[in-house]
Amino acid sequence: MLDRRKDARNSTHRRGLIKYGATGQELACTVEDLTLAGAGLHVGTTFGLPRVFRLAIDGEPTIRYCKVVWTDGKKLGVLFE
C-alpha cells in the first residue's frame with residue numbers, strides 16, 4: 001500500500017477523546033499515530049460517528065478539528081482542519 005503522507009508519522013498510542021454533536025457526545029479513542037496533518041485513531045465503534053469532529057489528545061492543550069478521510073473497521077484516519 002502506498003503511503004501518501006507528506007509528514008513523518010510518529011507512533012503515539014495515546015488516549016484521546018472524540019467530541020461531537022450539539023449535546024456534547026464523547027467517544028474515547030486511542031491515537032495510534034500522529035503527523036502534523038492528521039492522525040490514525042482506534043475506536044470501539046464507528047457507528048454514529050460523524051465525518052467531522054473535535055479531538056482532544058492527552059497531554060496536549062489544543063483541541064483539533066478533524067475530518068475523517070478513511071475507515072477500516074475500528075480504525076480511522078483523520079486530517080486536521
# chains A, B, ... in the order shown; residues from 1 in each chain; ligands from 1

$ select_by_dssp --residues "chain A" --states "strand (DSSP E)" --output "PyMOL selection string"
chain A and resi 10-20+25-34+38-43+52-57+63-72+75-80

$ write_last_selection --atoms "C-alpha atoms" --output "PDB file, in the first residue's frame"
ATOM      1  CA  ASN A  10       5.003   9.278  14.872  1.00  0.00           C
ATOM      2  CA  SER A  11       3.672   6.276  16.762  1.00  0.00           C
ATOM      3  CA  THR A  12       1.987   7.596  19.925  1.00  0.00           C
ATOM      4  CA  HIS A  13      -0.568   5.153  21.399  1.00  0.00           C
ATOM      5  CA  ARG A  14      -2.009   7.997  23.493  1.00  0.00           C
ATOM      6  CA  ARG A  15      -5.509   8.343  24.849  1.00  0.00           C
ATOM      7  CA  GLY A  16      -7.827  10.659  23.000  1.00  0.00           C
ATOM      8  CA  LEU A  17     -11.385  11.884  23.248  1.00  0.00           C
ATOM      9  CA  ILE A  18     -13.583  12.500  20.214  1.00  0.00           C
ATOM     10  CA  LYS A  19     -16.186  15.212  20.830  1.00  0.00           C
ATOM     11  CA  TYR A  20     -19.171  15.811  18.561  1.00  0.00           C
ATOM     12  CA  GLN A  25     -21.286  13.498  22.894  1.00  0.00           C
ATOM     13  CA  GLU A  26     -17.898  11.918  23.562  1.00  0.00           C
ATOM     14  CA  LEU A  27     -16.141   8.754  22.396  1.00  0.00           C
ATOM     15  CA  ALA A  28     -12.853   7.514  23.846  1.00  0.00           C
ATOM     16  CA  CYS A  29     -10.167   6.550  21.334  1.00  0.00           C
ATOM     17  CA  THR A  30      -6.502   5.654  21.043  1.00  0.00           C
ATOM     18  CA  VAL A  31      -4.319   7.910  18.917  1.00  0.00           C
ATOM     19  CA  GLU A  32      -2.184   5.265  17.212  1.00  0.00           C
ATOM     20  CA  ASP A  33      -0.066   7.650  15.162  1.00  0.00           C
ATOM     21  CA  LEU A  34       0.237  11.356  14.615  1.00  0.00           C
ATOM     22  CA  GLY A  38      -3.553  14.208  10.759  1.00  0.00           C
ATOM     23  CA  ALA A  39      -3.784  11.081  12.856  1.00  0.00           C
ATOM     24  CA  GLY A  40      -4.644   7.398  12.880  1.00  0.00           C
ATOM     25  CA  LEU A  41      -7.244   6.548  15.513  1.00  0.00           C
ATOM     26  CA  HIS A  42      -8.647   3.336  17.000  1.00  0.00           C
ATOM     27  CA  VAL A  43     -12.195   3.466  18.367  1.00  0.00           C
ATOM     28  CA  VAL A  52     -16.220  15.904  11.201  1.00  0.00           C
ATOM     29  CA  PHE A  53     -15.474  16.184  14.930  1.00  0.00           C
ATOM     30  CA  ARG A  54     -13.113  17.614  17.554  1.00  0.00           C
ATOM     31  CA  LEU A  55     -10.247  15.594  19.023  1.00  0.00           C
ATOM     32  CA  ALA A  56      -8.597  16.107  22.408  1.00  0.00           C
ATOM     33  CA  ILE A  57      -5.313  14.220  22.933  1.00  0.00           C
ATOM     34  CA  ILE A  63      -8.356  20.553  20.637  1.00  0.00           C
ATOM     35  CA  ARG A  64      -8.065  19.707  16.945  1.00  0.00           C
ATOM     36  CA  TYR A  65     -10.846  19.846  14.374  1.00  0.00           C
ATOM     37  CA  CYS A  66     -10.797  16.653  12.294  1.00  0.00           C
ATOM     38  CA  LYS A  67     -12.245  15.285   9.071  1.00  0.00           C
ATOM     39  CA  VAL A  68     -12.423  11.517   8.523  1.00  0.00           C
ATOM     40  CA  VAL A  69     -10.627  10.520   5.305  1.00  0.00           C
ATOM     41  CA  TRP A  70     -10.707   6.708   5.655  1.00  0.00           C
ATOM     42  CA  THR A  71     -12.100   3.954   7.856  1.00  0.00           C
ATOM     43  CA  ASP A  72     -11.152   0.293   8.208  1.00  0.00           C
ATOM     44  CA  LYS A  75      -9.577   2.245  12.704  1.00  0.00           C
ATOM     45  CA  LEU A  76      -9.867   5.597  11.017  1.00  0.00           C
ATOM     46  CA  GLY A  77      -7.628   8.247   9.552  1.00  0.00           C
ATOM     47  CA  VAL A  78      -8.317  11.927  10.026  1.00  0.00           C
ATOM     48  CA  LEU A  79      -6.986  15.176   8.590  1.00  0.00           C
ATOM     49  CA  PHE A  80      -6.677  18.179  10.863  1.00  0.00           C
TER      50      PHE A  80
END

$ closest_residue --among "A:Leu36, A:Thr23, A:Arg9, A:Thr45" --to "Lys74 of chain A" --atoms "only C-alpha atoms"
A:Thr45

$ atom_distance --atom1 "atom CA of Glu60 of chain A" --atom2 "atom CA of Ala37 of chain A"
15.5 Å

$ decode --residues "segment 30-76 of chain A" --atoms "C-alpha atoms" --output "compact mmCIF listing (two decimals), in the first residue's frame"
# COMPACT_ATOMS: atom_id res chain seq x y z
CA THR A 30 -6.50 5.65 21.04
CA VAL A 31 -4.32 7.91 18.92
CA GLU A 32 -2.18 5.27 17.21
CA ASP A 33 -0.07 7.65 15.16
CA LEU A 34 0.24 11.36 14.62
CA THR A 35 1.57 13.68 11.92
CA LEU A 36 1.41 17.45 11.53
CA ALA A 37 -1.52 16.98 9.13
CA GLY A 38 -3.55 14.21 10.76
CA ALA A 39 -3.78 11.08 12.86
CA GLY A 40 -4.64 7.40 12.88
CA LEU A 41 -7.24 6.55 15.51
CA HIS A 42 -8.65 3.34 17.00
CA VAL A 43 -12.20 3.47 18.37
CA GLY A 44 -14.58 0.99 19.99
CA THR A 45 -17.12 1.63 17.22
CA THR A 46 -17.51 3.91 14.23
CA PHE A 47 -21.32 3.57 14.34
CA GLY A 48 -22.89 7.01 14.51
CA LEU A 49 -19.54 8.79 14.36
CA PRO A 50 -19.79 11.91 12.17
CA ARG A 51 -17.30 12.71 9.40
CA VAL A 52 -16.22 15.90 11.20
CA PHE A 53 -15.47 16.18 14.93
CA ARG A 54 -13.11 17.61 17.55
CA LEU A 55 -10.25 15.59 19.02
CA ALA A 56 -8.60 16.11 22.41
CA ILE A 57 -5.31 14.22 22.93
CA ASP A 58 -3.98 13.55 26.45
CA GLY A 59 -1.09 15.84 27.29
CA GLU A 60 -1.90 18.42 24.60
CA PRO A 61 -3.66 21.72 25.32
CA THR A 62 -5.10 22.11 21.81
CA ILE A 63 -8.36 20.55 20.64
CA ARG A 64 -8.06 19.71 16.94
CA TYR A 65 -10.85 19.85 14.37
CA CYS A 66 -10.80 16.65 12.29
CA LYS A 67 -12.25 15.29 9.07
CA VAL A 68 -12.42 11.52 8.52
CA VAL A 69 -10.63 10.52 5.31
CA TRP A 70 -10.71 6.71 5.66
CA THR A 71 -12.10 3.95 7.86
CA ASP A 72 -11.15 0.29 8.21
CA GLY A 73 -13.24 -1.49 10.82
CA LYS A 74 -12.48 0.23 14.12
CA LYS A 75 -9.58 2.24 12.70
CA LEU A 76 -9.87 5.60 11.02
